[in-house]
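A.B. asks: I have a structure I would like to understand better, so I am pasting it below and will then ask my questions one at a time.
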Amino acid sequence: MKKLTNITPLENLSLVDKVELRLKEYFKENNLKIGDSIPKELEFAEALGVSRTVIREALLRLRTIGVIESKKRKGMVLTQPDIIQNFEKAIEYNLLGEQTLTDIFELRLILEMGMADLLFARKTKEDVDALDTIVAEQERDEINTSFFSLEHEIAFHGKLYEMSNNTTLQRFQDLLLPVFSYVHDNMSPESKDFKYSKGTFVTHRDLLNILKTGTPERFREAMRNHLEPHFERVLKIIKS
């Protein structure tokens with residue numbers, strides 16, 4: 001095992017915390033990659049001067065977040081962590097506070113502004129037809145199209161994430177479902193009469209038409225207008 005040097009002593013941490021950090025440093029210093037085997041519990045215990053119980057608990061933490069796993073005939077190996085999984089668990093247990101929900105919603109605004117190029121590069125006729133169906137159903141159900149029902153909002157924007165053909169983005173969309181509910185439930189009555197800076201509201205139909213025949217640049221601009229009430233609400237909170 002490579003000797004660890006130039007490391008500042010850690011205070012106010014449990015022994016397991018310290019061992020976990022030493023293990024991470026060992027992986028980095030030895031430039032270990034996904035699929036590489038790591039030493040056995042006993043080897044780590046002897047090298048670090050702690051019990052196997054402490055090593056086992058530290059390794060369990062790494063296993064829980066998907067950094068290592070056990071393989072037949074190979075022992076423990078490094079794996080690629082699932083970067084979305086921990087978010088999913090937090091949401092499943094309803095462990096997101098109001099500030100976190102707000103932060104995630106701001107991230108949603110950024111993502112939807114930034115995915116335009118992916119949408120134009122990867123859209124298919126089937127995707128556009130599906131969006132057309134979603135918009136047509138919305139137009140049948142709602143008179144005031146500047147204030148969408150939660151169901152239609154999720155359907156339209158969820159389809160955009162799906163069209164990106166980016167697995168991480170699609171899974172992140174699933175994480176955003178509680179955020180859609182949170183924002184929809186907290187929209188003020190005045191939101192229905194919001195005064196748009198350009199005088200007109202960009203509807204889902206407008207976004208769809210741009211997606212059919214426009215450009216990523218036009219789509220980004222239109223999406224910014226579409227989301228303007230949300231941006232103003234977020235920026236107002238920041239200024240206050």
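Following the order of the structure tokens, first chain is A, next is B, and so on, with residues numbered from 1 inside each chain and ligands from 1 in the order they appear.
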Set the distance at 12 Å and use only C-alpha atoms: which residues neighbour Leu107 in chain A once local chain neighbours fewer than 4 positions away are removed? I'd like the list as an NGL selection string.
C.D. replies: :A and (100-103 or 111-114 or 169 or 172-173 or 175-176 or 179 or 230-231 or 234)
A.B. asks: From a DSSP calculation on the backbone, collect every residue of range 2-234 of chain A in strand (DSSP E or B) and output the set as a list in words.
C.D. replies: Ser37, Ile68, Glu69, Ser70, Lys71, Gly75, Met76, Val77 and Leu78 of chain A
A.B. asks: Where in range 50-209 of chain A does DSSP assign alpha helix (DSSP H), given as a ChimeraX atom specification?
C.D. replies: /A:52-64,85-92,98-114,116-122,125-141,150-163,167-185,204-209
A.B. asks: Can you list, as a list in words, every protein, DNA or RNA residue that comes within 9 Å of Glu41 in chain A when you count only C-alpha atoms, leaving out same-chain residues fewer than 3 positions away?
C.D. replies: Phe44, Ala45, Glu46, Arg52, Thr53, Ile55, Arg56 and Leu59 of chain A
A.B. asks: What does the distance between CA of Glu69 in chain A and CA of Asn12 in chain A come to in Å, to one decimal place?
C.D. replies: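 According to the coordinates, CA of Glu69 in chain A and CA of Asn12 in chain A are separated by 28.9 Å.
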A.B. asks: My list of candidates is A:His152, A:Met163, A:Val202, A:Glu217. Which is closest to Lys125 in chain A when distances are computed with only C-alpha atoms?
C.D. replies: A:Met163
